[in-house]
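Before any comments, here is the structure.
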Amino acid sequence: MTSTERPFLNRRLAEFGTTIFAEMSALATATGAINLGQGFPDTDGPEEIREAAVRALRDGRGNQYPPGPGVPELRTAIVDHQRRRYGLAFDPDTEVLVTAGATEAIAATLLALLEPGDEVIALEPYYDSYAACIAMSGAARVPVTLRPDPERARFRLDLDELRDAVTDRTRLLLINTPHNPTGTVLTREELTAIAELAVERDLLVVTDEVYEHLVFDDAEHVPLATLPGMRERTVTIGSAGKTFSFTGWKVGWVTATPALVSAVRSAKQFLTYVASGPFQYAVAEALTLPDAYFEAFREDMRARRDLLATGLTEAGFAVFRPAGTYFVTTDIRPLGESDGFAFCRSLPERAGVVAIPNAVFYDHRDAGAPFVRFAFCKRIEVLTDATERLRKAFAH
């Protein structure tokens with residue numbers, strides 16, 4: 001076979017084609033359906049923060065390459081935020097790295113810290129970039145599946161299964177809490193057990209905490225880096241997009257020890273090098289907003305969660321009411337369905353709504369087959385319209 005006859009895609013990425021988000025968004029456009037598939041808000045965040053970005057543009061701040069680690073104002077704001085919210089102390093010059101959103105932070109971290117042959121344990125179902133980035137690093141992913149617990153209407157981590165998954169080749173635990181797509185927020189007890197395992201087996205931990213400000217009811221977000229023995233072995237990933245409803249700005253960050261940040265920066269500089277210059281200044285201001293902003297944002301999203309969860313329940317879905325994130329996971333079996341892919345592909349025509357099949361977030365596709373995810377980070381009137389359509393299509 002000649003070079004022009006071979007498939008051009010690197011074999012490490014052969015399993016990754018066009019994302020389900022592109023497919024479902026195209027279906028929404030083609031059918032005029034309400035898109036509750038992809039997790040982006042349909043309104044902008046605070047006006048004063050948008051104006052801060054405009055002011056930075058007009059003042060010529062960030063219109064050229066910003067500093068590689070990120071602008072000092074943002075790095076300082078990230079440090080102040082971590083100290084104020086969680087009591088974590090970081091050096092803004094050596095322990096913070098600004099990235100092009102959390103997705104680049106994940107990619108740069110995994111590329112920097114993994115060698116071919118290493119194993120990475122991730123909580124399944126997981127954000128789709130995890131699998132692709134692990135593959136690009138040459139490492140092997142080892143899923144530990146969150147199991148549905150219908151009585152508690154949540155997905156649960158089996159700590160014994162997690163311990164059993166660790167081998168001599170395990171290099172890193174990839175933890176996401178609040179968890180996308182299930183909406184589970186790992187408890188302090190669960191996170192303490194994860195921390196003890198990491199210390200015992202001398203593992204690095206990468207923790208994706210982009211939904212840190214979206215926890216509801218009695219749930220508590222506990223950063224892993226706050227637990228004993230974790231400050232020196234944890235890379236924490238954060239993001240402005242979900243908290244301030246400016247997902248297109250692509251401003252994320254990494255906080256960790258100087259050695260870990262230096263390693264991640266070595267990979268990051270050959271990805272985007274730098275990005276989002278003027279928006280970095282705006283996010284620096286956003287992180288200084290008073291606690292009242294974060295509380296109001298959380299309560300507003302909780303109300304949207306409740307509206308969608310109630311509507312889905314009334315339409316006949318079994319609903320796992322999320323303790324965090326933008327998403328509600330449902331079980332379609334009470335509707336007489338079992339194939340999430342087929343269900344989601346037919347849903348725009350049947351009900352005028354778009355959702356995402358959770359199976360795309362699983363290595364074990366059968367385990368995710370009956371689950372479907374809906375996003376509630378949309379305007380109240382949009383969610384009301386969507387739930388009315390779903391009730392009309394499925395409620396009996």
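Residue numbers start at 1 in each chain; chains themselves are named A, B, ... in the order of the structure tokens; ligands are numbered from 1 in the order shown.
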
(Q) I want to know what sits within 8 Å of A:Cys377, based on only C-alpha atoms, with residues of the same chain fewer than 5 positions away left out; could you give that as a PyMOL selection string? (A) chain A and resi 39-42+301+304+326-327

Could I get the residues of stretch 69-134 of chain A with an atom no further than 12 Å from an atom of stretch 208-220 of chain A, each paired with its nearest atom pair and that distance in Å to one decimal, using only C-alpha atoms, sorted by chain and residue number, as a Markdown table?
| residue | atom | partner | partner_atom | distance |
| --- | --- | --- | --- | --- |
| A:His81 | CA | A:His213 | CA | 11.7 |
| A:Gln82 | CA | A:Glu212 | CA | 11.1 |
| A:Arg85 | CA | A:His213 | CA | 10.2 |
| A:Tyr86 | CA | A:Glu212 | CA | 11.0 |
| A:Gly101 | CA | A:Val210 | CA | 9.7 |
| A:Ala102 | CA | A:Val210 | CA | 7.3 |
| A:Thr103 | CA | A:Asp208 | CA | 9.8 |
| A:Glu104 | CA | A:Asp208 | CA | 11.8 |
| A:Ala105 | CA | A:Asp208 | CA | 9.3 |
| A:Ile106 | CA | A:Asp208 | CA | 8.0 |
| A:Ala107 | CA | A:Asp208 | CA | 11.8 |
| A:Thr109 | CA | A:Asp208 | CA | 11.1 |
| A:Ala122 | CA | A:Asp208 | CA | 11.0 |
| A:Leu123 | CA | A:Asp208 | CA | 11.3 |
| A:Tyr126 | CA | A:Asp208 | CA | 10.8 |
| A:Tyr127 | CA | A:Asp208 | CA | 10.0 |
| A:Ser129 | CA | A:Asp208 | CA | 11.8 |
| A:Tyr130 | CA | A:Asp208 | CA | 10.3 |

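Each of A:Thr31, A:Ala153, A:Asp339, A:Leu172 was checked against A:Arg141 using only C-alpha atoms; the smallest atom-to-atom distance is that of A:Leu172.
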
Compile the contact shell of stretch 386-388 of chain A as an mmCIF file with N, CA and C atoms, in the first residue's frame: residues with an atom at most 12 Å away, counting only C-alpha atoms, same-chain residues fewer than 4 positions apart removed.
data_model
loop_
_atom_site.group_PDB
_atom_site.id
_atom_site.type_symbol
_atom_site.label_atom_id
_atom_site.label_comp_id
_atom_site.auth_asym_id
_atom_site.auth_seq_id
_atom_site.Cartn_x
_atom_site.Cartn_y
_atom_site.Cartn_z
ATOM 1 N N ALA A 33 -35.073 21.944 15.513
ATOM 2 C CA ALA A 33 -35.322 21.447 16.864
ATOM 3 C C ALA A 33 -34.603 22.307 17.900
ATOM 4 N N ILE A 34 -35.102 22.274 19.124
ATOM 5 C CA ILE A 34 -34.453 22.949 20.245
ATOM 6 C C ILE A 34 -33.233 22.139 20.648
ATOM 7 N N ASN A 35 -32.076 22.789 20.680
ATOM 8 C CA ASN A 35 -30.818 22.074 20.925
ATOM 9 C C ASN A 35 -30.491 22.066 22.414
ATOM 10 N N LEU A 36 -30.811 20.958 23.071
ATOM 11 C CA LEU A 36 -30.413 20.750 24.457
ATOM 12 C C LEU A 36 -29.261 19.752 24.524
ATOM 13 N N GLY A 37 -28.504 19.654 23.420
ATOM 14 C CA GLY A 37 -27.407 18.706 23.356
ATOM 15 C C GLY A 37 -26.116 19.274 23.914
ATOM 16 N N ARG A 304 -33.392 26.245 36.715
ATOM 17 C CA ARG A 304 -33.483 25.689 35.357
ATOM 18 C C ARG A 304 -33.380 24.171 35.393
ATOM 19 N N ARG A 305 -32.481 23.666 36.270
ATOM 20 C CA ARG A 305 -32.393 22.218 36.438
ATOM 21 C C ARG A 305 -33.745 21.643 36.852
ATOM 22 N N ASP A 306 -34.374 22.284 37.840
ATOM 23 C CA ASP A 306 -35.640 21.767 38.354
ATOM 24 C C ASP A 306 -36.727 21.794 37.282
ATOM 25 N N LEU A 307 -36.742 22.860 36.498
ATOM 26 C CA LEU A 307 -37.749 22.952 35.436
ATOM 27 C C LEU A 307 -37.590 21.809 34.440
ATOM 28 N N LEU A 308 -36.363 21.583 33.989
ATOM 29 C CA LEU A 308 -36.130 20.532 32.997
ATOM 30 C C LEU A 308 -36.339 19.152 33.598
ATOM 31 N N ALA A 309 -35.831 18.923 34.805
ATOM 32 C CA ALA A 309 -35.969 17.609 35.429
ATOM 33 C C ALA A 309 -37.440 17.259 35.650
ATOM 34 N N THR A 310 -38.221 18.232 36.080
ATOM 35 C CA THR A 310 -39.646 17.991 36.282
ATOM 36 C C THR A 310 -40.340 17.682 34.967
ATOM 37 N N GLY A 311 -40.025 18.454 33.934
ATOM 38 C CA GLY A 311 -40.637 18.219 32.628
ATOM 39 C C GLY A 311 -40.282 16.859 32.058
ATOM 40 N N LEU A 312 -39.038 16.452 32.217
ATOM 41 C CA LEU A 312 -38.608 15.137 31.717
ATOM 42 C C LEU A 312 -39.310 14.009 32.482
ATOM 43 N N THR A 313 -39.456 14.195 33.794
ATOM 44 C CA THR A 313 -40.161 13.193 34.594
ATOM 45 C C THR A 313 -41.616 13.075 34.139
ATOM 46 N N GLU A 314 -42.254 14.198 33.916
ATOM 47 C CA GLU A 314 -43.655 14.194 33.480
ATOM 48 C C GLU A 314 -43.812 13.599 32.087
ATOM 49 N N ALA A 315 -42.741 13.693 31.268
ATOM 50 C CA ALA A 315 -42.791 13.097 29.935
ATOM 51 C C ALA A 315 -42.573 11.592 29.960
ATOM 52 N N GLY A 316 -42.150 11.056 31.118
ATOM 53 C CA GLY A 316 -41.995 9.614 31.240
ATOM 54 C C GLY A 316 -40.574 9.114 31.351
ATOM 55 N N PHE A 317 -39.591 10.005 31.306
ATOM 56 C CA PHE A 317 -38.201 9.596 31.487
ATOM 57 C C PHE A 317 -37.944 9.277 32.957
ATOM 58 N N LEU A 347 -35.153 11.809 17.857
ATOM 59 C CA LEU A 347 -35.826 12.763 18.732
ATOM 60 C C LEU A 347 -36.161 14.094 18.062
ATOM 61 N N PRO A 348 -35.296 14.663 17.213
ATOM 62 C CA PRO A 348 -35.671 15.929 16.579
ATOM 63 C C PRO A 348 -36.955 15.831 15.759
ATOM 64 N N ALA A 351 -39.972 14.876 18.495
ATOM 65 C CA ALA A 351 -40.347 15.820 19.546
ATOM 66 C C ALA A 351 -39.839 17.237 19.306
ATOM 67 N N GLY A 352 -38.990 17.440 18.301
ATOM 68 C CA GLY A 352 -38.457 18.780 18.071
ATOM 69 C C GLY A 352 -37.432 19.198 19.105
ATOM 70 N N VAL A 353 -36.703 18.213 19.673
ATOM 71 C CA VAL A 353 -35.686 18.476 20.693
ATOM 72 C C VAL A 353 -34.447 17.639 20.370
ATOM 73 N N VAL A 354 -33.274 18.187 20.665
ATOM 74 C CA VAL A 354 -32.014 17.474 20.469
ATOM 75 C C VAL A 354 -31.388 17.173 21.828
ATOM 76 N N ALA A 355 -30.900 15.944 21.982
ATOM 77 C CA ALA A 355 -30.180 15.524 23.191
ATOM 78 C C ALA A 355 -28.955 14.731 22.752
ATOM 79 N N PHE A 374 -29.478 15.789 28.650
ATOM 80 C CA PHE A 374 -30.071 17.056 28.225
ATOM 81 C C PHE A 374 -29.373 18.198 28.968
ATOM 82 N N ALA A 375 -29.126 19.311 28.278
ATOM 83 C CA ALA A 375 -28.502 20.480 28.894
ATOM 84 C C ALA A 375 -29.577 21.464 29.333
ATOM 85 N N PHE A 376 -29.413 22.041 30.527
ATOM 86 C CA PHE A 376 -30.398 23.016 31.012
ATOM 87 C C PHE A 376 -29.848 24.433 31.122
ATOM 88 N N LYS A 378 -30.037 26.916 29.369
ATOM 89 C CA LYS A 378 -30.762 27.647 28.338
ATOM 90 C C LYS A 378 -31.786 28.561 29.004
ATOM 91 N N ARG A 379 -32.325 29.486 28.212
ATOM 92 C CA ARG A 379 -33.328 30.406 28.743
ATOM 93 C C ARG A 379 -34.564 29.640 29.234
ATOM 94 N N ILE A 380 -35.223 30.196 30.243
ATOM 95 C CA ILE A 380 -36.402 29.557 30.829
ATOM 96 C C ILE A 380 -37.458 29.269 29.765
ATOM 97 N N GLU A 381 -37.672 30.218 28.863
ATOM 98 C CA GLU A 381 -38.706 30.007 27.844
ATOM 99 C C GLU A 381 -38.332 28.884 26.884
ATOM 100 N N VAL A 382 -37.043 28.716 26.632
ATOM 101 C CA VAL A 382 -36.584 27.623 25.770
ATOM 102 C C VAL A 382 -36.804 26.283 26.467
ATOM 103 N N LYS A 392 -45.668 16.306 25.130
ATOM 104 C CA LYS A 392 -46.617 16.026 24.046
ATOM 105 C C LYS A 392 -46.227 14.771 23.274
ATOM 106 N N ALA A 393 -44.907 14.560 23.108
ATOM 107 C CA ALA A 393 -44.449 13.425 22.307
ATOM 108 C C ALA A 393 -44.517 12.111 23.072
ATOM 109 N N PHE A 394 -44.292 12.157 24.406
ATOM 110 C CA PHE A 394 -44.096 10.904 25.133
ATOM 111 C C PHE A 394 -45.071 10.640 26.280
ATOM 112 N N ALA A 395 -45.617 11.685 26.884
ATOM 113 C CA ALA A 395 -46.488 11.460 28.028
ATOM 114 C C ALA A 395 -47.801 10.830 27.585
#

Per residue of stretch 6-107 of chain A within 10 Å of stretch 274-296 of chain A, which atom pair is closest and at what distance in Å (one decimal), using only C-alpha atoms, listed by chain and increasing number, as a Markdown table?
| residue | atom | partner | partner_atom | distance |
| --- | --- | --- | --- | --- |
| A:Gly45 | CA | A:Ala286 | CA | 9.8 |
| A:Pro46 | CA | A:Ala286 | CA | 8.5 |
| A:Glu48 | CA | A:Ala286 | CA | 8.5 |
| A:Ile49 | CA | A:Ala282 | CA | 5.7 |
| A:Arg50 | CA | A:Ala282 | CA | 7.1 |
| A:Glu51 | CA | A:Ala282 | CA | 8.0 |
| A:Ala52 | CA | A:Ala282 | CA | 4.9 |
| A:Ala53 | CA | A:Ala282 | CA | 4.9 |
| A:Val54 | CA | A:Pro278 | CA | 7.9 |
| A:Arg55 | CA | A:Pro278 | CA | 8.6 |
| A:Ala56 | CA | A:Pro278 | CA | 5.4 |
| A:Leu57 | CA | A:Pro278 | CA | 5.9 |
| A:Arg58 | CA | A:Pro278 | CA | 9.4 |
| A:Asp59 | CA | A:Pro278 | CA | 9.5 |
| A:Gly60 | CA | A:Pro278 | CA | 8.3 |
| A:Arg61 | CA | A:Pro278 | CA | 6.0 |
| A:Gly62 | CA | A:Gly277 | CA | 4.0 |
| A:Asn63 | CA | A:Gly277 | CA | 6.2 |
| A:Gln64 | CA | A:Gly277 | CA | 7.3 |
| A:Tyr65 | CA | A:Val274 | CA | 6.6 |
| A:Pro66 | CA | A:Gly277 | CA | 5.6 |
| A:Pro67 | CA | A:Val274 | CA | 7.4 |
| A:Gly68 | CA | A:Val274 | CA | 5.9 |
| A:Pro69 | CA | A:Val274 | CA | 8.1 |
| A:Gly70 | CA | A:Gln280 | CA | 7.5 |
| A:Val71 | CA | A:Gln280 | CA | 6.8 |
| A:Pro72 | CA | A:Tyr281 | CA | 9.1 |
| A:Glu73 | CA | A:Ala284 | CA | 6.0 |
| A:Leu74 | CA | A:Ala284 | CA | 4.3 |
| A:Arg75 | CA | A:Ala284 | CA | 7.8 |
| A:Thr76 | CA | A:Ala284 | CA | 8.0 |
| A:Ala77 | CA | A:Ala284 | CA | 5.4 |
| A:Ile78 | CA | A:Leu287 | CA | 7.0 |
| A:Val79 | CA | A:Leu287 | CA | 9.9 |
| A:Asp80 | CA | A:Thr288 | CA | 8.3 |
| A:His81 | CA | A:Leu287 | CA | 6.5 |
| A:Gln82 | CA | A:Leu287 | CA | 9.9 |
| A:Arg85 | CA | A:Asp291 | CA | 9.5 |
| A:Val98 | CA | A:Val274 | CA | 8.3 |
| A:Thr99 | CA | A:Ala275 | CA | 7.2 |
| A:Ala100 | CA | A:Ala275 | CA | 5.7 |
| A:Gly101 | CA | A:Ser276 | CA | 9.1 |

Q: Work out how far apart atom CA of A:Leu157 and atom CA of A:Ile20 are and give it in Å to one decimal.
A: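 Atom-to-atom, atom CA of A:Leu157 to atom CA of A:Ile20, that is 25.5 Å.
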
Q. Can you tell me, as a VMD selection string, what residues are no more than 12 Å from A:Glu124 when counting only C-alpha atoms, ignoring any on the same chain fewer than 5 positions away?
A. chain A and resid 130 to 131 141 to 148 155 to 158 162 174 to 176 179 to 182 184 358 to 365 367 to 368

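The residue that comes closest to A:Arg152, out of A:Phe320, A:Phe246, A:Trp253, A:Phe21 and on the basis of only C-alpha atoms, is A:Phe320.
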